[in-house]
$ cat entry32.cif   # mmCIF, C-alpha atoms and all ligand atoms
data_model
loop_
_atom_site.label_atom_id
_atom_site.label_comp_id
_atom_site.auth_asym_id
_atom_site.auth_seq_id
_atom_site.Cartn_x
_atom_site.Cartn_y
_atom_site.Cartn_z
CA MET A 1 -53.44 81.70 -48.87
CA ALA A 2 -56.43 84.03 -49.28
CA VAL A 3 -58.41 81.90 -46.83
CA ALA A 4 -55.59 81.78 -44.27
CA GLY A 5 -55.00 85.53 -44.69
CA THR A 6 -58.68 86.25 -44.13
CA LEU A 7 -58.64 84.02 -41.06
CA ASP A 8 -55.65 86.03 -39.77
CA VAL A 9 -57.63 89.27 -40.10
CA LEU A 10 -60.65 87.63 -38.50
CA ALA A 11 -58.44 86.34 -35.67
CA ARG A 12 -57.11 89.84 -35.05
CA PHE A 13 -60.66 91.21 -34.98
CA LEU A 14 -61.83 88.51 -32.55
CA HIS A 15 -58.67 88.94 -30.46
CA ILE A 16 -59.51 92.59 -29.88
CA MET A 17 -63.24 91.93 -29.39
CA GLY A 18 -62.31 89.31 -26.77
CA ILE A 19 -60.02 91.79 -25.04
CA LEU A 20 -62.80 94.38 -24.91
CA VAL A 21 -65.15 91.91 -23.21
CA TRP A 22 -62.59 90.36 -20.85
CA ILE A 23 -60.40 93.30 -19.88
CA GLY A 24 -63.34 95.73 -20.16
CA HIS A 25 -65.07 93.68 -17.48
CA ASN A 26 -61.93 93.71 -15.35
CA TYR A 27 -61.60 97.51 -15.56
CA ALA A 28 -65.33 98.01 -14.87
CA ASN A 29 -64.81 95.94 -11.74
CA VAL A 30 -61.93 98.20 -10.63
CA ILE A 31 -64.23 101.23 -10.92
CA GLN A 32 -67.25 99.55 -9.32
CA THR A 33 -65.32 97.98 -6.44
CA PRO A 34 -62.26 100.12 -5.78
CA ARG A 35 -61.75 98.50 -2.38
CA PHE A 36 -62.16 94.92 -1.22
CA LYS A 37 -65.76 94.08 -0.29
CA PRO A 38 -66.14 90.61 1.29
CA ALA A 39 -68.83 88.32 -0.17
CA GLN A 40 -72.13 88.86 1.65
CA PRO A 41 -73.78 85.88 3.37
CA SER A 42 -77.13 86.88 1.86
CA ASP A 43 -76.48 87.80 -1.77
CA PRO A 44 -79.95 87.78 -3.41
CA GLY A 45 -80.56 84.95 -5.91
CA ALA A 46 -81.31 87.25 -8.89
CA MET A 47 -78.07 89.13 -8.42
CA LEU A 48 -76.10 85.89 -8.10
CA SER A 49 -77.50 84.50 -11.36
CA ALA A 50 -76.64 87.75 -13.22
CA MET A 51 -73.10 87.53 -11.83
CA GLN A 52 -72.82 83.86 -12.87
CA ARG A 53 -73.77 84.71 -16.47
CA GLU A 54 -71.44 87.69 -16.58
CA HIS A 55 -68.57 85.63 -15.23
CA GLY A 56 -69.05 82.92 -17.86
CA THR A 57 -69.02 85.49 -20.66
CA PHE A 58 -65.71 87.09 -19.81
CA ARG A 59 -64.07 83.81 -18.87
CA TYR A 60 -64.81 82.41 -22.34
CA ALA A 61 -63.73 85.72 -23.93
CA SER A 62 -60.28 85.02 -22.44
CA LEU A 63 -60.15 81.76 -24.40
CA VAL A 64 -61.06 83.60 -27.61
CA VAL A 65 -58.12 85.95 -26.92
CA LEU A 66 -55.80 83.00 -26.27
CA ILE A 67 -56.81 80.92 -29.31
CA THR A 68 -56.81 83.83 -31.78
CA GLY A 69 -53.44 85.05 -30.45
CA ILE A 70 -51.85 81.62 -30.85
CA TYR A 71 -53.40 81.28 -34.32
CA MET A 72 -51.93 84.59 -35.49
CA LEU A 73 -48.45 83.64 -34.25
CA TRP A 74 -48.73 80.22 -35.88
CA TYR A 75 -49.99 81.70 -39.18
CA ARG A 76 -47.09 84.16 -39.24
CA GLY A 77 -44.59 81.44 -38.36
CA THR A 78 -43.42 83.27 -35.23
CA LEU A 79 -44.96 81.14 -32.48
CA THR A 80 -41.69 79.47 -31.40
CA ASP A 81 -39.66 82.70 -31.64
CA ALA A 82 -42.25 84.56 -29.56
CA LEU A 83 -42.32 81.86 -26.87
CA MET A 84 -38.50 81.65 -26.87
CA LEU A 85 -38.25 85.49 -26.77
CA SER A 86 -36.09 85.37 -29.86
CA GLY A 87 -35.23 88.16 -32.35
CA ASN A 88 -37.93 90.65 -33.32
CA SER A 89 -40.58 88.37 -31.80
CA ALA A 90 -39.10 88.87 -28.32
CA VAL A 91 -41.20 91.98 -27.68
CA ILE A 92 -44.57 90.41 -28.46
CA GLY A 93 -43.23 87.27 -26.76
CA ILE A 94 -43.07 89.12 -23.42
CA GLY A 95 -46.71 90.15 -23.99
CA VAL A 96 -47.61 86.56 -24.86
CA TRP A 97 -46.07 85.30 -21.61
CA THR A 98 -47.80 87.95 -19.47
CA GLY A 99 -51.03 87.19 -21.41
CA LEU A 100 -50.63 83.46 -20.68
CA ILE A 101 -50.12 84.23 -17.00
CA MET A 102 -53.34 86.28 -17.10
CA VAL A 103 -55.33 83.42 -18.66
CA ALA A 104 -53.87 80.91 -16.16
CA ASN A 105 -54.57 83.29 -13.27
CA LEU A 106 -58.19 83.64 -14.41
CA TRP A 107 -58.85 79.93 -14.91
CA PHE A 108 -56.71 78.35 -12.18
CA VAL A 109 -56.76 80.93 -9.37
CA LEU A 110 -59.77 83.22 -9.78
CA TRP A 111 -62.31 80.74 -11.17
CA PRO A 112 -61.98 77.92 -8.56
CA ASN A 113 -62.49 80.49 -5.81
CA GLN A 114 -65.19 82.41 -7.66
CA LYS A 115 -67.15 79.15 -8.02
CA LYS A 116 -67.62 79.17 -4.25
CA VAL A 117 -68.34 82.91 -4.06
CA LEU A 118 -71.03 82.60 -6.75
CA GLY A 119 -72.53 79.42 -5.34
CA PHE A 120 -71.61 76.97 -8.14
CA VAL A 121 -69.85 74.98 -5.42
CA PRO A 122 -71.39 74.87 -1.94
CA ALA A 123 -69.31 76.66 0.71
CA SER A 124 -69.81 78.09 4.18
CA ASP A 125 -70.14 81.87 4.55
CA LEU A 126 -66.69 82.02 6.13
CA GLU A 127 -65.18 80.12 3.19
CA ARG A 128 -66.97 82.39 0.69
CA ILE A 129 -65.54 85.47 2.39
CA ARG A 130 -62.01 83.98 2.29
CA CYS A 131 -62.44 83.10 -1.41
CA SER A 132 -63.74 86.58 -2.24
CA ARG A 133 -60.46 88.04 -0.93
CA ILE A 134 -58.50 85.71 -3.26
CA THR A 135 -60.68 86.58 -6.27
CA PHE A 136 -60.24 90.29 -5.53
CA LEU A 137 -56.43 90.00 -5.46
CA SER A 138 -56.37 87.72 -8.50
CA SER A 139 -58.52 90.14 -10.49
CA ARG A 140 -56.34 93.11 -9.54
CA THR A 141 -53.25 91.14 -10.52
CA ASN A 142 -54.75 90.79 -14.00
CA SER A 143 -55.57 94.53 -14.10
CA ILE A 144 -51.88 95.33 -13.55
CA LEU A 145 -50.65 92.60 -15.93
CA SER A 146 -53.02 93.84 -18.64
CA ILE A 147 -51.15 97.16 -18.79
CA ALA A 148 -47.84 95.39 -19.45
CA THR A 149 -49.48 92.95 -21.89
CA LEU A 150 -51.12 95.75 -23.89
CA PHE A 151 -47.84 97.64 -24.02
CA PHE A 152 -45.84 94.67 -25.35
CA MET A 153 -48.61 93.58 -27.76
CA ILE A 154 -48.76 97.06 -29.29
CA THR A 155 -45.02 97.78 -29.38
CA GLY A 156 -44.41 94.20 -30.59
CA SER A 157 -46.47 94.85 -33.72
CA HIS A 158 -45.87 98.58 -34.28
CA GLY A 159 -42.88 99.71 -32.21
CA VAL A 160 -40.05 97.16 -32.29
CA PHE A 161 -37.77 100.07 -33.40
CA LEU A 162 -38.14 101.46 -29.85
CA TYR A 163 -35.95 98.63 -28.60
CA TYR A 164 -32.95 99.23 -30.89
C1 LIG B 201 -52.95 84.98 -24.20
C2 LIG B 201 -52.06 84.99 -25.14
C3 LIG B 201 -51.95 86.02 -26.23
C4 LIG B 201 -51.36 85.80 -27.43
C5 LIG B 201 -50.74 84.49 -27.89
C6 LIG B 201 -51.46 87.01 -28.19
C7 LIG B 201 -50.97 87.20 -29.47
C8 LIG B 201 -51.17 88.33 -30.25
C9 LIG B 201 -50.77 88.48 -31.64
C10 LIG B 201 -50.04 87.43 -32.45
C11 LIG B 201 -51.15 89.69 -32.05
C12 LIG B 201 -50.96 90.29 -33.46
C13 LIG B 201 -49.73 91.11 -33.49
C14 LIG B 201 -49.42 91.59 -34.89
O1 LIG B 201 -50.30 92.09 -35.57
O2 LIG B 201 -48.27 91.45 -35.31
C15 LIG B 201 -51.78 90.35 -30.94
C16 LIG B 201 -52.29 91.63 -30.98
C17 LIG B 201 -52.79 92.28 -29.91
N1 LIG B 201 -52.95 91.77 -28.63
FE1 LIG B 201 -52.52 89.87 -28.03
N2 LIG B 201 -52.10 87.96 -27.43
C18 LIG B 201 -52.42 87.40 -26.23
C19 LIG B 201 -53.07 88.04 -25.18
C20 LIG B 201 -53.40 89.38 -25.15
C21 LIG B 201 -53.97 90.06 -24.03
C22 LIG B 201 -54.28 89.42 -22.68
C23 LIG B 201 -54.15 91.36 -24.41
C24 LIG B 201 -54.71 92.51 -23.62
C25 LIG B 201 -54.46 92.72 -22.35
C26 LIG B 201 -53.71 91.48 -25.77
C27 LIG B 201 -53.75 92.65 -26.50
C28 LIG B 201 -53.46 92.75 -27.85
C29 LIG B 201 -53.66 93.96 -28.65
C30 LIG B 201 -54.22 95.29 -28.17
C31 LIG B 201 -53.24 93.66 -29.93
C32 LIG B 201 -53.21 94.59 -31.14
C33 LIG B 201 -51.81 95.19 -31.21
C34 LIG B 201 -51.67 96.18 -32.33
O3 LIG B 201 -52.09 95.91 -33.44
O4 LIG B 201 -51.10 97.26 -32.09
N3 LIG B 201 -53.27 90.27 -26.19
N4 LIG B 201 -51.78 89.50 -29.86
#

$ encode --input "entry32.cif" --output "structure tokens" --more "lines below"
Ligand code: HEM
Amino acid sequence: MAVAGTLDVLARFLHIMGILVWIGHNYANVIQTPRFKPAQPSDPGAMLSAMQREHGTFRYASLVVLITGIYMLWYRGTLTDALMLSGNSAVIGIGVWTGLIMVANLWFVLWPNQKKVLGFVPASDLERIRCSRITFLSSRTNSILSIATLFFMITGSHGVFLYY
């Protein structure tokens, strides 16, 4: 019990650390690139390798968020209720679903396209420019979803009374 309880606290800590890295990166990107800038044909190698490292870091942070979130729900015995949007777990459940969409968007929409933009997968300049438009829209989709996810995560744990 003490071990599982400690793991729950640790999971919560890592969940929030992961969010800082992942969503912090997303918000920094909104500030740095407020408007769409197509990938440049001649991105310098040093800049590309910094971007590759940065991308790996926040992509794996999203998995830390996912795994710790699922662990906490499992430990508390509310995983099924949250996923089924049932009872008091319905509120956090909405946040879990929007969070899952964010993780899927990052790994299955943004990442395959970003691989070409960053040069992990060879692509023509025209293809890289097309992919950079998709990654821009995918990233902004997660910026918007993060606001809803944060709201339901926070009210799910501290503000369920708001819904009665
Ligand atoms: C991907 C699936 C996710 C799952 C399964 C999940 C699950 C959870 C769980 C179980 C908690 C603990 C709630 C409690 O203490 O009762 C939590 C807290 C939290 N989550 Fe998530 N989460 C996910 C994604 C996200 C994302 C993407 C964000 C940010 C955009 C986020 C932001 C938060 C925050 C800020 C808290 C702390 C809430 C508070 O204590 O007020 N979560 N999450």

$ closest_residue --input "entry32.cif" --among "A:Ala39, A:Ile129, A:Leu145, A:Ala2" --to "A:Trp97" --atoms "all atoms listed in the file"
A:Leu145

$ closest_residue --input "entry32.cif" --among "A:Phe36, A:Leu66, A:Val21, A:Ile16" --to "A:Ile154" --atoms "all atoms listed in the file"
A:Ile16

$ residues_around --input "entry32.cif" --residues "A:Ile147" --least-positions-apart "3" --cutoff "12 Å" --atoms "all atoms listed in the file" --output "list in words"
Ile23, Asn26, Tyr27, Gly95, Thr98, Gly99, Met102, Arg140, Thr141, Asn142, Ser143, Ile144, Leu150, Phe151, Phe152, Met153 and Ile154 of chain A

$ write_last_selection --input "entry32.cif" --atoms "C-alpha atoms" --output "PDB file, keeping the file's coordinate frame"
ATOM      1  CA  ILE A  23     -60.400  93.300 -19.880  1.00  0.00           C
ATOM      2  CA  ASN A  26     -61.930  93.710 -15.350  1.00  0.00           C
ATOM      3  CA  TYR A  27     -61.600  97.510 -15.560  1.00  0.00           C
ATOM      4  CA  GLY A  95     -46.710  90.150 -23.990  1.00  0.00           C
ATOM      5  CA  THR A  98     -47.800  87.950 -19.470  1.00  0.00           C
ATOM      6  CA  GLY A  99     -51.030  87.190 -21.410  1.00  0.00           C
ATOM      7  CA  MET A 102     -53.340  86.280 -17.100  1.00  0.00           C
ATOM      8  CA  ARG A 140     -56.340  93.110  -9.540  1.00  0.00           C
ATOM      9  CA  THR A 141     -53.250  91.140 -10.520  1.00  0.00           C
ATOM     10  CA  ASN A 142     -54.750  90.790 -14.000  1.00  0.00           C
ATOM     11  CA  SER A 143     -55.570  94.530 -14.100  1.00  0.00           C
ATOM     12  CA  ILE A 144     -51.880  95.330 -13.550  1.00  0.00           C
ATOM     13  CA  LEU A 150     -51.120  95.750 -23.890  1.00  0.00           C
ATOM     14  CA  PHE A 151     -47.840  97.640 -24.020  1.00  0.00           C
ATOM     15  CA  PHE A 152     -45.840  94.670 -25.350  1.00  0.00           C
ATOM     16  CA  MET A 153     -48.610  93.580 -27.760  1.00  0.00           C
ATOM     17  CA  ILE A 154     -48.760  97.060 -29.290  1.00  0.00           C
TER      18      ILE A 154
END

$ residues_near_ligand --input "entry32.cif" --ligand "ligand LIG 201 (chain B)" --cutoff "6 Å" --atoms "all atoms listed in the file" --output "ChimeraX atom specification"
/A:19,65-66,69-70,72-73,96,99-100,146,149-150,153-154,157-158

$ closest_residue --input "entry32.cif" --among "A:Gly5, A:Pro34, A:Gly56, A:Pro112" --to "A:Trp22" --atoms "all atoms listed in the file"
A:Gly56

$ atom_distance --input "entry32.cif" --atom1 "atom CA of A:Ala11" --atom2 "atom CA of A:Tyr71"
7.3 Å

$ atom_distance --input "entry32.cif" --atom1 "atom CA of A:Gly93" --atom2 "atom CA of A:Leu20"
20.9 Å

$ atom_distance --input "entry32.cif" --atom1 "atom CA of A:His25" --atom2 "atom CA of A:Leu83"
27.3 Å

$ residues_around --input "entry32.cif" --residues "A:Pro38" --least-positions-apart "2" --cutoff "9 Å" --atoms "all atoms listed in the file" --output "list in words"
Phe36, Gln40, Arg128, Ile129, Arg130, Cys131, Ser132 and Arg133 of chain A
